[in-house]
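*Asks:* Right, I'll just put the structure down here and ask away after.
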Amino acid sequence: MRPAGRAETDSLYFDYPHFPFVRPAELEGRAVRHRVAIVGAGPVGVTAALELARHGIESVVLDDKATVNDGSRAICISRHSLEILQQLDVVAPFVEKGLGWTRGRTYFRDREIFRFEMPHSEQERFLPMVNLQQQYIERFLIDKADASEPVELRWQSAVTGVRHDASGVTLDVATPEGEYRLECDYLLAADGARSVVRKALGLALHGEAYEGRYVIADIRLRSDFPTERRAFFHSRALPDTTLLVHRQPDDIWRIDYQLGPDEDPEAAVEEHNIRARVDLIVRDVLGESDAWELEWWSLYKAHTLALDDYRHGRVLFIGDSAHLVPIFGVRGLNNGFADAANAGWKLAWVLQGRAPERLLDSYSPERRGATLDVFANAGKSTRFMTPPSRGYRLMRDAALTLALHNDYASGFANPRQVTPYTYAESPLTQADDGGFGAGPMPGAPLINRRLGEDDYLLDHLASGFTLLHFSTDGRLDAELADRLAMLEAGGHAIDLLRVARKPDDIGALADADGSLFTAYGAAPGSAYLVRPDRHVVARWKRLASGDLDAALTTALGGE
Amino acid sequence: MTDATLPFADLERVYERLAETLDALPEAQERLFLAQLALALSHRVENVDRVMAAIEEARRGVAEVSV
C-alpha cells in the first residue's frame with residue numbers, strides 16, 4: 001500500500017518500467033509448441049527461465065502484470081543465492097546496487113544483549129547477505145532475460161486455465177487483445193502465494209498458519225546506522241511488539257512490527273495508524289531525529305505451508321506457489337531461487353535427452369526436503385520472535401532476561417538465517433567416501449575458496465556437470481582421460497576442473513600452499529563430481545575411472 | 001564434580017518442552033510448577049555453589065528488568 005494520492009507504482013526511489021503487450025504467434029493463428037512455459041515473471045520464474053537458457057532451452061514466461069512488484073517485499077539475498085545468480089551471469093548489478101551485511105544486533109528492553117556475526121571469510125566472493133528491494137531484483141533479472149535469446153517474456157498475459165496430461169500442458173491465456181491457447185511440454189508454476197496453476201490443478205497447501213500478523217513498512221530516512229539486522233524485544237515504547245529493522249539501498253529502511261492480538265489488522269494498516277506507529281519507532285526505539293517519508297507498507301501472516309508434492313506430472317511448482325514460510329530467517333525468496341535452479345537444470349537435461357524423465361522425480365524430495373528443514377527452523381524462530389502462547393512468551397522473556405548477562409542464553413536470540421540445504425537423502429546423491437576429513441559432503445553445495453585477486457574457485461565452474469579433480473601436477477591418468485572422452489562421446493560431457501599443487505600447464509588451478517586441498521580434504525587423485533547447481537553428487541578420496549559412470553547415472557535419476 | 005553444561009541444542013529442547021508444559025497448566029499454578037522444577041533440578045546438581053550461582057543469575061535478571 002502507498003500513501004494517499006500516490007499510485008501503486010509511484011515510488012520515492014524506484015522508476016517502475018512499463019512492459020508493453022506484444023502479440024504472440026498464437027494470436028496470429030500460428031501453432032506453436034513450447035518446450036517450457038513459466039507462469040509468473042517474479043524473481044523465481046525469471047531465474048528458472050535464465051537457468052534453462054543457460055543450458056540452451058527456450059522458454060516462454062507469462063505474467064498478468066505490466067511492470068514489476070509493487071513493493072520491496074523480499075529484500076535479503078543470501079550468499080548461496082548470489083552464487084546461483086553468478087552462474088546465470090547476472091550477479092554484477094545485485095552486488096553493485098545491494099547493501100551487503102554480516103552482522104546483527106538484538107535489543108531487549110532497549111539494551112543491546114546479543115550481536116551475531118554470520119559466517120564469513122576472505123575465501124568468499126560474496127557477503128553472507130545482501131539487501132536489495134524486490135523491484136530491483138526483478139528488474140535486473142528481467143533485463144538479463146530480455147537480452148537472452150532463449151527467453152520470451154509475455155506481459156499482460158493472464159493464465160485462466162490449465163490442463164495437463166501425459167503428453168503436455170495446455171494453458172488458457174487472456175490478453176488485452178484476446179484469448180489464446182498455449183501448448184507446452186512442461187510447465188513451471190512460479191505464480192506465487194495465490195497461484196492460479198495450483199488452484200486449477202485442485203491442489204492445496206498444507207501446514208500451519210501462525211496467529212501473529214505483521215506490518216512491513218518502508219520509509220526513507222537519512223541515517224548513518226550501518227547495514228545490520230536489528231531486532232528489538234520489549235522496547236519501552238512498544239513493550240508487546242517485536243520489531244525488525246533492515247537497511248535497504250536509496251536510504252530506504254524496512255521496519256517490521258507485530259500487531260497485538262487484539263489489534264484490528266484493517267485499522268492497523270490505515271495510513272494514519274501506520275504513520276503514528278512508525279514515528280514512535282523511529283523516534284523512541286531507533287533514536288533517529290531526522291524527518292522521514294513513508295514509501296510503502298504491507299500486512300502479512302507467518303505461515304509454514306507447503307504442497308504435499310511439488311511435481312504433478314508435467315507441472316513443477318517453484319517458489320511461493322509450492323511453499324509459504326515465515327519471514328524470519330529470510331528463506332522465502334532464497335529457497336525460491338534454489339527451486340528455480342534445481343527444476344531448471346533437471347528439466348533441461350530431460351528435454352535434451354541427456355537424462356530419463358524420472359530425473360524430475362527427485363525435484364520434489366530435494367526441494368520439499370529443503371522446505372521442511374526451513375519449517376523446523378522457522379517454526380522455532382517464529383515462536384521466539386512472536387510467542388504464540390503464554391508459555392512461549394514466559395520462556396522467551398526468561399531467555400532474553402538471562403541473556404542480559406549470560407552468554408549461554410544469548411543463542412536463543414540468534415536469528416537462524418538461511419543456510420543452503422544438503423541433499424544428503426536424495427536419490428541423486430551417492431553415499432560418502434569415508435576417507436574425507438573435510439570438504440562438502442555428497443548433497444552439499446561446493447564451498448568457495450579464494451585463488452587470487454578477484455579470482456575464486458566457483459568462478460571456474462562451467463554450466464554442466466563438473467569433475468573437480470585434485471593432483472600434484474594437473475595431469476590426469478590415461479584411463480580417467482579415456483573414460484571422460486567416452487562419456488563425452490556418449491552425450492555426457494563432464495567439465496574437468498583441475499586443482500594442482502604444481503601445475504604443469506596453465507589450464508589447472510594452482511594451489512601452491514595446499515589450502516584448497518586442505519579445505520576439500522583432498523589428496524592427489526581425489527575428486528568431487530558436481531551437479532549443474534553446484535551440489536556434490538559423490539566424492540572419492542582416490543577416484544578410479546570406473547567410478548564415474550555409476551555416479552553420473554545416479555545423478556541423472558538412476559537406472 | 002565437573003563444570004559441564006548442557007549443549008545448546010538440548011537447552012533449546014528444554015525451552016520448547018517447558019513452554020508447552022506451562023501452556024498445559026492453569027496460569028495460577030505456574031509459580032508452584034517453576035519452584036518445584038528449580039528444586040528438582042537442584043537435587044540433580046552435585047555442587048551447591050553452582051545452584052546458588054544460578055539463583056543469583058536469575059535474581060539479578062529480575063532486578064534488572066524491574067527497574
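Residue numbering restarts at 1 for every chain of the C-alpha cells, chains are lettered A, B, ... in their displayed order, and ligands are numbered from 1 as they appear.
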Residues of chain B within 12 Å of chain A, counting only C-alpha atoms, what are they? List them as a VMD selection string.
*Replies:* chain B and resid 5 to 28 30 to 31 34 53 to 67
*Asks:* Take the residues just selected and output them with N, CA and C atoms as a short mmCIF file (atom, residue, chain, number, x, y, z; two decimals), in the first residue's frame.
*Replies:*
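Writing done, so here's out30.cif:
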data_model
loop_
_atom_site.label_atom_id
_atom_site.label_comp_id
_atom_site.auth_asym_id
_atom_site.auth_seq_id
_atom_site.Cartn_x
_atom_site.Cartn_y
_atom_site.Cartn_z
N THR B 5 28.23 -28.36 31.06
CA THR B 5 26.92 -27.75 30.87
C THR B 5 26.19 -28.46 29.73
N LEU B 6 24.90 -28.18 29.66
CA LEU B 6 24.07 -28.80 28.64
C LEU B 6 24.37 -28.20 27.27
N PRO B 7 24.54 -29.03 26.22
CA PRO B 7 24.72 -28.47 24.88
C PRO B 7 23.52 -27.59 24.50
N PHE B 8 23.79 -26.56 23.68
CA PHE B 8 22.73 -25.59 23.40
C PHE B 8 21.51 -26.23 22.73
N ALA B 9 21.77 -27.22 21.87
CA ALA B 9 20.63 -27.86 21.18
C ALA B 9 19.69 -28.51 22.20
N ASP B 10 20.27 -29.06 23.27
CA ASP B 10 19.43 -29.66 24.32
C ASP B 10 18.71 -28.58 25.12
N LEU B 11 19.41 -27.46 25.34
CA LEU B 11 18.78 -26.35 26.06
C LEU B 11 17.56 -25.86 25.27
N GLU B 12 17.68 -25.87 23.95
CA GLU B 12 16.54 -25.48 23.12
C GLU B 12 15.37 -26.45 23.27
N ARG B 13 15.70 -27.73 23.39
CA ARG B 13 14.62 -28.72 23.59
C ARG B 13 13.93 -28.47 24.92
N VAL B 14 14.73 -28.13 25.94
CA VAL B 14 14.16 -27.84 27.25
C VAL B 14 13.22 -26.64 27.15
N TYR B 15 13.67 -25.62 26.42
CA TYR B 15 12.88 -24.40 26.23
C TYR B 15 11.50 -24.75 25.65
N GLU B 16 11.52 -25.55 24.61
CA GLU B 16 10.25 -25.91 23.95
C GLU B 16 9.36 -26.73 24.88
N ARG B 17 9.98 -27.71 25.56
CA ARG B 17 9.19 -28.58 26.42
C ARG B 17 8.57 -27.78 27.57
N LEU B 18 9.37 -26.85 28.12
CA LEU B 18 8.86 -26.03 29.22
C LEU B 18 7.72 -25.14 28.75
N ALA B 19 7.89 -24.55 27.55
CA ALA B 19 6.83 -23.67 27.03
C ALA B 19 5.53 -24.47 26.90
N GLU B 20 5.64 -25.68 26.36
CA GLU B 20 4.43 -26.48 26.15
C GLU B 20 3.84 -26.97 27.47
N THR B 21 4.72 -27.31 28.41
CA THR B 21 4.23 -27.75 29.72
C THR B 21 3.52 -26.60 30.44
N LEU B 22 4.11 -25.42 30.37
CA LEU B 22 3.48 -24.25 31.01
C LEU B 22 2.12 -23.97 30.39
N ASP B 23 2.05 -24.10 29.07
CA ASP B 23 0.76 -23.84 28.40
C ASP B 23 -0.32 -24.82 28.83
N ALA B 24 0.11 -26.00 29.23
CA ALA B 24 -0.87 -27.02 29.61
C ALA B 24 -1.33 -26.87 31.06
N LEU B 25 -0.68 -25.96 31.81
CA LEU B 25 -1.03 -25.75 33.22
C LEU B 25 -1.97 -24.55 33.36
N PRO B 26 -2.82 -24.57 34.40
CA PRO B 26 -3.54 -23.33 34.70
C PRO B 26 -2.51 -22.25 35.07
N GLU B 27 -2.77 -21.01 34.63
CA GLU B 27 -1.79 -19.95 34.84
C GLU B 27 -1.46 -19.79 36.34
N ALA B 28 -2.46 -20.00 37.19
CA ALA B 28 -2.25 -19.80 38.62
C ALA B 28 -1.24 -20.81 39.20
N GLU B 30 1.55 -21.74 37.65
CA GLU B 30 2.87 -21.54 37.05
C GLU B 30 3.97 -21.44 38.10
N ARG B 31 3.74 -20.62 39.12
CA ARG B 31 4.80 -20.36 40.10
C ARG B 31 5.15 -21.62 40.86
N LEU B 34 7.19 -23.92 38.62
CA LEU B 34 8.57 -23.49 38.38
C LEU B 34 9.43 -23.64 39.64
N ALA B 53 24.74 -20.02 42.48
CA ALA B 53 25.11 -19.09 41.40
C ALA B 53 23.95 -18.93 40.42
N ALA B 54 23.26 -20.04 40.15
CA ALA B 54 22.11 -19.97 39.22
C ALA B 54 20.99 -19.12 39.83
N ILE B 55 20.78 -19.28 41.13
CA ILE B 55 19.75 -18.47 41.80
C ILE B 55 20.11 -16.99 41.67
N GLU B 56 21.38 -16.69 41.86
CA GLU B 56 21.81 -15.30 41.77
C GLU B 56 21.66 -14.76 40.34
N GLU B 57 21.97 -15.59 39.35
CA GLU B 57 21.80 -15.18 37.95
C GLU B 57 20.35 -14.79 37.68
N ALA B 58 19.45 -15.62 38.13
CA ALA B 58 18.03 -15.37 37.88
C ALA B 58 17.54 -14.15 38.65
N ARG B 59 18.01 -14.03 39.91
CA ARG B 59 17.58 -12.88 40.72
C ARG B 59 18.06 -11.58 40.09
N ARG B 60 19.31 -11.61 39.60
CA ARG B 60 19.90 -10.41 39.01
C ARG B 60 19.11 -9.99 37.76
N GLY B 61 18.72 -10.97 36.97
CA GLY B 61 17.94 -10.66 35.77
C GLY B 61 16.62 -9.99 36.12
N VAL B 62 15.95 -10.54 37.13
CA VAL B 62 14.66 -9.96 37.54
C VAL B 62 14.86 -8.53 38.04
N ALA B 63 15.91 -8.32 38.86
CA ALA B 63 16.17 -6.98 39.39
C ALA B 63 16.39 -5.99 38.25
N GLU B 64 17.11 -6.48 37.25
CA GLU B 64 17.47 -5.64 36.10
C GLU B 64 16.24 -5.15 35.33
N VAL B 65 15.32 -6.08 35.07
CA VAL B 65 14.19 -5.72 34.22
C VAL B 65 13.05 -5.09 35.02
N SER B 66 13.18 -5.08 36.36
CA SER B 66 12.11 -4.49 37.16
C SER B 66 12.33 -3.00 37.36
N VAL B 67 13.50 -2.50 36.90
CA VAL B 67 13.83 -1.08 37.13
C VAL B 67 12.79 -0.19 36.46
#
*Asks:* Just asking: which residues within segment 346-520 of chain A are strand (DSSP E) according to DSSP, as an MDAnalysis selection string?
*Replies:* chainID A and resid 450:452 455:456 466:471 495:500 509:510
*Asks:* Next, the residues of the selection above should be written as a short mmCIF file (atom, residue, chain, number, x, y, z; two decimals), in the first residue's frame with C-alpha atoms.
*Replies:*
data_model
loop_
_atom_site.label_atom_id
_atom_site.label_comp_id
_atom_site.auth_asym_id
_atom_site.auth_seq_id
_atom_site.Cartn_x
_atom_site.Cartn_y
_atom_site.Cartn_z
CA ARG A 450 39.85 -17.50 -2.90
CA LEU A 451 42.51 -18.25 -5.53
CA GLY A 452 43.88 -14.77 -6.10
CA ASP A 455 39.55 -14.94 -8.52
CA TYR A 456 37.57 -17.64 -6.71
CA THR A 466 31.92 -30.71 -13.26
CA LEU A 467 34.61 -33.08 -12.08
CA LEU A 468 36.74 -31.24 -9.54
CA HIS A 469 39.98 -33.16 -9.71
CA PHE A 470 42.97 -32.86 -7.37
CA SER A 471 46.51 -33.78 -8.38
CA ASP A 495 33.68 -30.43 -17.49
CA LEU A 496 37.01 -31.03 -15.87
CA LEU A 497 38.23 -28.55 -13.28
CA ARG A 498 41.73 -29.44 -12.18
CA VAL A 499 43.38 -28.30 -8.98
CA ALA A 500 47.12 -28.96 -8.76
CA LEU A 509 44.19 -24.06 -10.88
CA ALA A 510 47.37 -23.66 -8.86
#
*Asks:* Fewer than 6 positions away in the same chain doesn't count, so skip those; otherwise give me all residues within 12 Å of His272 of chain A, counting only C-alpha atoms, as number ranges by chain.
*Replies:* A: 2-4, 278-279, 294
*Asks:* Write the residues of the preceding selection, restricted to N, CA and C atoms, as a PDB file, in the first residue's frame.
*Replies:*
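Writing the result to part33.pdb gives the following:
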ATOM      1  N   ARG A   2       0.324   2.314  -0.529  1.00  0.00           N
ATOM      2  CA  ARG A   2       1.090   3.565  -0.602  1.00  0.00           C
ATOM      3  C   ARG A   2       0.265   4.695   0.013  1.00  0.00           C
ATOM      4  N   PRO A   3       0.953   5.785   0.397  1.00  0.00           N
ATOM      5  CA  PRO A   3       0.219   6.916   0.975  1.00  0.00           C
ATOM      6  C   PRO A   3      -0.840   7.454   0.014  1.00  0.00           C
ATOM      7  N   ALA A   4      -1.872   8.069   0.605  1.00  0.00           N
ATOM      8  CA  ALA A   4      -2.981   8.611  -0.180  1.00  0.00           C
ATOM      9  C   ALA A   4      -2.450   9.549  -1.259  1.00  0.00           C
ATOM     10  N   VAL A 278       4.997   4.093  13.146  1.00  0.00           N
ATOM     11  CA  VAL A 278       6.356   4.203  12.602  1.00  0.00           C
ATOM     12  C   VAL A 278       7.084   5.377  13.241  1.00  0.00           C
ATOM     13  N   ASP A 279       6.373   6.486  13.451  1.00  0.00           N
ATOM     14  CA  ASP A 279       7.045   7.641  14.057  1.00  0.00           C
ATOM     15  C   ASP A 279       7.531   7.312  15.465  1.00  0.00           C
ATOM     16  N   LEU A 294       7.141   8.235   4.276  1.00  0.00           N
ATOM     17  CA  LEU A 294       6.548   6.904   4.138  1.00  0.00           C
ATOM     18  C   LEU A 294       6.543   6.499   2.663  1.00  0.00           C
TER      19      LEU A 294
END
*Asks:* Quick one: contact table of segment 139-249 of chain A to segment 309-318 of chain A, 7 Å max, nearest atom pair and distance in Å to one decimal per residue, counting only C-alpha atoms, chain and number order, as CSV?
*Replies:*
residue,atom,partner,partner_atom,distance
A:Ala166,CA,A:Gly313,CA,6.9
A:Gly168,CA,A:Arg314,CA,6.5
A:Val169,CA,A:Arg314,CA,6.9
A:Tyr186,CA,A:Arg314,CA,5.0
A:Leu187,CA,A:Val315,CA,4.8
A:Leu188,CA,A:Leu316,CA,4.9
A:Ala189,CA,A:Phe317,CA,4.7
A:Ala190,CA,A:Ile318,CA,5.3
*Asks:* Selected residues, C-alpha atoms, written as a short mmCIF file (atom, residue, chain, number, x, y, z; two decimals), in the first residue's frame, please.
*Replies:*
data_model
loop_
_atom_site.label_atom_id
_atom_site.label_comp_id
_atom_site.auth_asym_id
_atom_site.auth_seq_id
_atom_site.Cartn_x
_atom_site.Cartn_y
_atom_site.Cartn_z
CA ALA A 166 1.00 -37.39 -20.07
CA GLY A 168 1.93 -31.98 -22.31
CA VAL A 169 0.24 -28.96 -20.78
CA TYR A 186 6.41 -28.76 -19.32
CA LEU A 187 5.05 -26.05 -17.08
CA LEU A 188 6.82 -24.30 -14.22
CA ALA A 189 4.33 -22.66 -11.85
CA ALA A 190 6.09 -19.62 -10.40
#
*Asks:* With a distance cut-off of 7 Å and only C-alpha atoms, select the neighbouring residues of Arg449 of chain A, excluding the residue or stretch itself and same-chain residues fewer than 3 positions from it, and output the selection as a PyMOL selection string.
*Replies:* chain A and resi 123-124+456-457+516
*Asks:* If we count only C-alpha atoms, what is near segment 260-265 of chain A at a cut-off of 10 Å, once residues fewer than 3 positions away on the same chain are taken out, given as an mmCIF file with N, CA and C atoms, in the first residue's frame?
*Replies:*
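The result, stored in selection.cif:
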data_model
loop_
_atom_site.group_PDB
_atom_site.id
_atom_site.type_symbol
_atom_site.label_atom_id
_atom_site.label_comp_id
_atom_site.auth_asym_id
_atom_site.auth_seq_id
_atom_site.Cartn_x
_atom_site.Cartn_y
_atom_site.Cartn_z
ATOM 1 N N GLU A 211 -0.645 -17.461 14.395
ATOM 2 C CA GLU A 211 -1.626 -16.445 14.756
ATOM 3 C C GLU A 211 -1.177 -15.033 14.396
ATOM 4 N N GLY A 212 0.113 -14.754 14.570
ATOM 5 C CA GLY A 212 0.583 -13.374 14.504
ATOM 6 C C GLY A 212 0.367 -12.708 13.158
ATOM 7 N N ARG A 213 0.102 -11.411 13.202
ATOM 8 C CA ARG A 213 0.058 -10.601 11.990
ATOM 9 C C ARG A 213 1.114 -9.522 12.108
ATOM 10 N N TYR A 214 1.686 -9.174 10.986
ATOM 11 C CA TYR A 214 2.812 -8.247 10.996
ATOM 12 C C TYR A 214 2.618 -7.190 9.931
ATOM 13 N N VAL A 215 3.178 -6.020 10.207
ATOM 14 C CA VAL A 215 3.220 -4.970 9.197
ATOM 15 C C VAL A 215 4.669 -4.821 8.762
ATOM 16 N N ASP A 240 4.877 -4.740 23.863
ATOM 17 C CA ASP A 240 4.272 -6.002 23.433
ATOM 18 C C ASP A 240 4.602 -6.364 21.991
ATOM 19 N N THR A 241 5.466 -5.573 21.381
ATOM 20 C CA THR A 241 5.723 -5.736 19.959
ATOM 21 C C THR A 241 7.176 -6.101 19.716
ATOM 22 N N THR A 242 7.391 -7.052 18.805
ATOM 23 C CA THR A 242 8.745 -7.350 18.359
ATOM 24 C C THR A 242 8.989 -6.589 17.055
ATOM 25 N N TYR A 257 6.937 -4.832 12.167
ATOM 26 C CA TYR A 257 6.437 -4.936 13.543
ATOM 27 C C TYR A 257 5.202 -5.805 13.631
ATOM 28 N N ALA A 268 -5.129 -1.274 11.529
ATOM 29 C CA ALA A 268 -3.679 -1.103 11.695
ATOM 30 C C ALA A 268 -3.000 -0.651 10.408
ATOM 31 N N VAL A 269 -3.559 -1.043 9.260
ATOM 32 C CA VAL A 269 -2.905 -0.667 8.002
ATOM 33 C C VAL A 269 -3.461 0.629 7.409
ATOM 34 N N GLU A 270 -4.340 1.304 8.145
ATOM 35 C CA GLU A 270 -4.751 2.633 7.686
ATOM 36 C C GLU A 270 -3.560 3.578 7.830
ATOM 37 N N LEU A 299 0.755 -5.915 4.864
ATOM 38 C CA LEU A 299 0.429 -6.766 6.011
ATOM 39 C C LEU A 299 0.750 -8.207 5.646
ATOM 40 N N TYR A 300 1.297 -8.974 6.571
ATOM 41 C CA TYR A 300 1.482 -10.386 6.266
ATOM 42 C C TYR A 300 1.288 -11.245 7.517
ATOM 43 N N THR A 386 7.676 -14.122 17.971
ATOM 44 C CA THR A 386 6.282 -13.774 18.243
ATOM 45 C C THR A 386 5.635 -14.942 18.974
ATOM 46 N N PRO A 388 3.497 -17.673 20.525
ATOM 47 C CA PRO A 388 2.089 -17.945 20.229
ATOM 48 C C PRO A 388 1.231 -18.165 21.467
#
*Asks:* Atom CA of Asp459 of chain A to atom CA of Phe517 of chain A: how many Å, to one decimal?
*Replies:*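 These two atoms are separated by 17.3 Å.
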*Asks:* Can you tell me, as a VMD selection string, what residues are no more than 12 Å from segment 156-158 of chain A when counting only C-alpha atoms, ignoring any on the same chain fewer than 3 positions away?
*Replies:* chain A and resid 18 to 24 27 38 to 41 60 to 68 153 161 to 162 171 to 182 191 195 to 197
*Asks:* Store the residues picked out above, limited to N, CA and C atoms, as a compact mmCIF listing (two decimals), in the first residue's frame.
*Replies:*
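So result_28.txt came out as:
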# COMPACT_ATOMS: atom_id res chain seq x y z
N HIS A 18 7.43 0.08 -17.71
CA HIS A 18 6.16 -0.39 -18.28
C HIS A 18 6.48 -1.40 -19.37
N PHE A 19 5.95 -2.61 -19.22
CA PHE A 19 6.21 -3.65 -20.21
C PHE A 19 5.00 -3.76 -21.13
N PRO A 20 5.19 -3.46 -22.40
CA PRO A 20 4.04 -3.48 -23.32
C PRO A 20 3.61 -4.91 -23.64
N PHE A 21 2.36 -5.03 -24.06
CA PHE A 21 1.87 -6.31 -24.57
C PHE A 21 2.34 -6.47 -26.01
N VAL A 22 2.88 -7.62 -26.31
CA VAL A 22 3.31 -7.92 -27.69
C VAL A 22 2.50 -9.12 -28.16
N ARG A 23 1.87 -8.98 -29.35
CA ARG A 23 1.03 -10.09 -29.84
C ARG A 23 1.87 -11.33 -30.09
N PRO A 24 1.52 -12.44 -29.46
CA PRO A 24 2.28 -13.68 -29.65
C PRO A 24 1.85 -14.40 -30.93
N LEU A 27 -1.78 -15.74 -31.33
CA LEU A 27 -2.89 -14.85 -31.68
C LEU A 27 -2.92 -14.56 -33.18
N ILE A 38 6.52 -20.85 -18.33
CA ILE A 38 6.68 -20.49 -16.92
C ILE A 38 5.60 -19.47 -16.60
N VAL A 39 4.78 -19.76 -15.60
CA VAL A 39 3.75 -18.80 -15.20
C VAL A 39 4.29 -17.98 -14.05
N GLY A 40 4.39 -16.66 -14.27
CA GLY A 40 4.90 -15.77 -13.22
C GLY A 40 6.29 -15.26 -13.56
N ALA A 41 6.38 -13.93 -13.79
CA ALA A 41 7.68 -13.32 -14.12
C ALA A 41 8.27 -12.64 -12.89
N VAL A 60 8.95 -19.72 -22.44
CA VAL A 60 8.09 -18.54 -22.54
C VAL A 60 7.55 -18.26 -21.14
N VAL A 61 7.69 -16.99 -20.71
CA VAL A 61 7.30 -16.60 -19.36
C VAL A 61 6.07 -15.71 -19.45
N LEU A 62 5.00 -16.08 -18.73
CA LEU A 62 3.74 -15.32 -18.79
C LEU A 62 3.50 -14.61 -17.47
N ASP A 63 3.09 -13.34 -17.56
CA ASP A 63 2.75 -12.63 -16.32
C ASP A 63 1.59 -11.68 -16.61
N ASP A 64 0.67 -11.59 -15.66
CA ASP A 64 -0.51 -10.74 -15.90
C ASP A 64 -0.20 -9.26 -15.71
N LYS A 65 0.92 -8.93 -15.08
CA LYS A 65 1.24 -7.53 -14.82
C LYS A 65 1.92 -6.87 -16.03
N ALA A 66 2.07 -5.53 -15.94
CA ALA A 66 2.79 -4.79 -16.98
C ALA A 66 4.03 -4.12 -16.39
N THR A 67 4.36 -4.51 -15.15
CA THR A 67 5.54 -3.94 -14.50
C THR A 67 6.02 -4.91 -13.42
N VAL A 68 6.97 -4.46 -12.60
CA VAL A 68 7.50 -5.34 -11.55
C VAL A 68 6.66 -5.18 -10.28
N LEU A 153 9.49 -13.18 -22.87
CA LEU A 153 8.65 -12.67 -21.79
C LEU A 153 7.35 -12.16 -22.39
N GLY A 161 -6.67 -20.87 -17.30
CA GLY A 161 -6.99 -22.29 -17.23
C GLY A 161 -5.74 -23.12 -17.50
N VAL A 162 -5.69 -24.31 -16.88
CA VAL A 162 -4.55 -25.21 -17.04
C VAL A 162 -5.07 -26.63 -17.21
N LEU A 171 -2.43 -24.20 -21.66
CA LEU A 171 -2.85 -23.06 -20.85
C LEU A 171 -3.85 -22.23 -21.63
N ASP A 172 -4.86 -21.68 -20.93
CA ASP A 172 -5.70 -20.64 -21.50
C ASP A 172 -5.10 -19.31 -21.05
N VAL A 173 -4.87 -18.43 -22.02
CA VAL A 173 -4.22 -17.16 -21.69
C VAL A 173 -5.12 -16.01 -22.14
N ALA A 174 -5.38 -15.06 -21.22
CA ALA A 174 -6.19 -13.89 -21.54
C ALA A 174 -5.27 -12.68 -21.67
N THR A 175 -5.45 -11.92 -22.76
CA THR A 175 -4.58 -10.77 -23.01
C THR A 175 -5.45 -9.57 -23.40
N PRO A 176 -4.85 -8.37 -23.48
CA PRO A 176 -5.63 -7.20 -23.89
C PRO A 176 -6.17 -7.34 -25.32
N GLU A 177 -5.60 -8.22 -26.11
CA GLU A 177 -6.05 -8.36 -27.50
C GLU A 177 -6.68 -9.73 -27.77
N GLY A 178 -7.19 -10.33 -26.72
CA GLY A 178 -7.91 -11.59 -26.93
C GLY A 178 -7.29 -12.76 -26.21
N GLU A 179 -7.98 -13.90 -26.30
CA GLU A 179 -7.53 -15.10 -25.59
C GLU A 179 -6.89 -16.07 -26.57
N TYR A 180 -5.98 -16.88 -26.04
CA TYR A 180 -5.41 -17.94 -26.88
C TYR A 180 -5.03 -19.13 -26.02
N ARG A 181 -4.76 -20.22 -26.69
CA ARG A 181 -4.30 -21.43 -26.00
C ARG A 181 -2.81 -21.60 -26.23
N LEU A 182 -2.11 -21.94 -25.17
CA LEU A 182 -0.66 -22.12 -25.27
C LEU A 182 -0.33 -23.57 -24.95
N ASP A 191 3.88 -18.75 -9.92
CA ASP A 191 2.91 -17.67 -9.82
C ASP A 191 2.50 -17.37 -8.38
N SER A 195 -1.22 -18.83 -6.28
CA SER A 195 -1.01 -19.49 -7.57
C SER A 195 -2.30 -19.92 -8.27
N VAL A 196 -2.47 -19.42 -9.48
CA VAL A 196 -3.61 -19.81 -10.32
C VAL A 196 -3.44 -21.27 -10.77
N VAL A 197 -2.19 -21.64 -11.06
CA VAL A 197 -1.93 -23.02 -11.51
C VAL A 197 -2.29 -24.01 -10.41
*Asks:* Might you pull out every residue within 12 Å of Arg50 of chain B, with only C-alpha atoms counted and same-chain residues fewer than 6 positions away left off, and present them as a count of residues only?
*Replies:* 11
*Asks:* From the options A:Pro427, A:Pro119, A:Gly435, A:Gly464, which residue's atoms come nearest to Gly56 of chain A, counting only C-alpha atoms?
*Replies:*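 The answer is A:Gly464, which sits nearest to Gly56 of chain A.
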*Asks:* Please measure the separation of atom CA of Asp251 of chain A and atom CA of Asn414 of chain A, giving the value in Å to one decimal.
*Replies:*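 For atom CA of Asp251 of chain A relative to atom CA of Asn414 of chain A, the distance reads 26.3 Å.
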*Asks:* In Å, with one decimal, what is the gap from atom CA of Leu428 of chain A to atom CA of Tyr528 of chain A?
*Replies:*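 Here the two named atoms are 14.2 Å from each other.
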*Asks:* Write out as an NGL selection string all residues of chain B that DSSP puts in helix (DSSP H, G or I) for this structure's backbone.
*Replies:* :B and (8-24 or 27-43 or 48-65)
*Asks:* Restricting the calculation to only C-alpha atoms, which member of A:Leu305, A:Ala341, A:Val536, A:Ala550 is positioned closest to Ile84 of chain A?
*Replies:*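 Closest to Ile84 of chain A of all the choices is A:Ala341.
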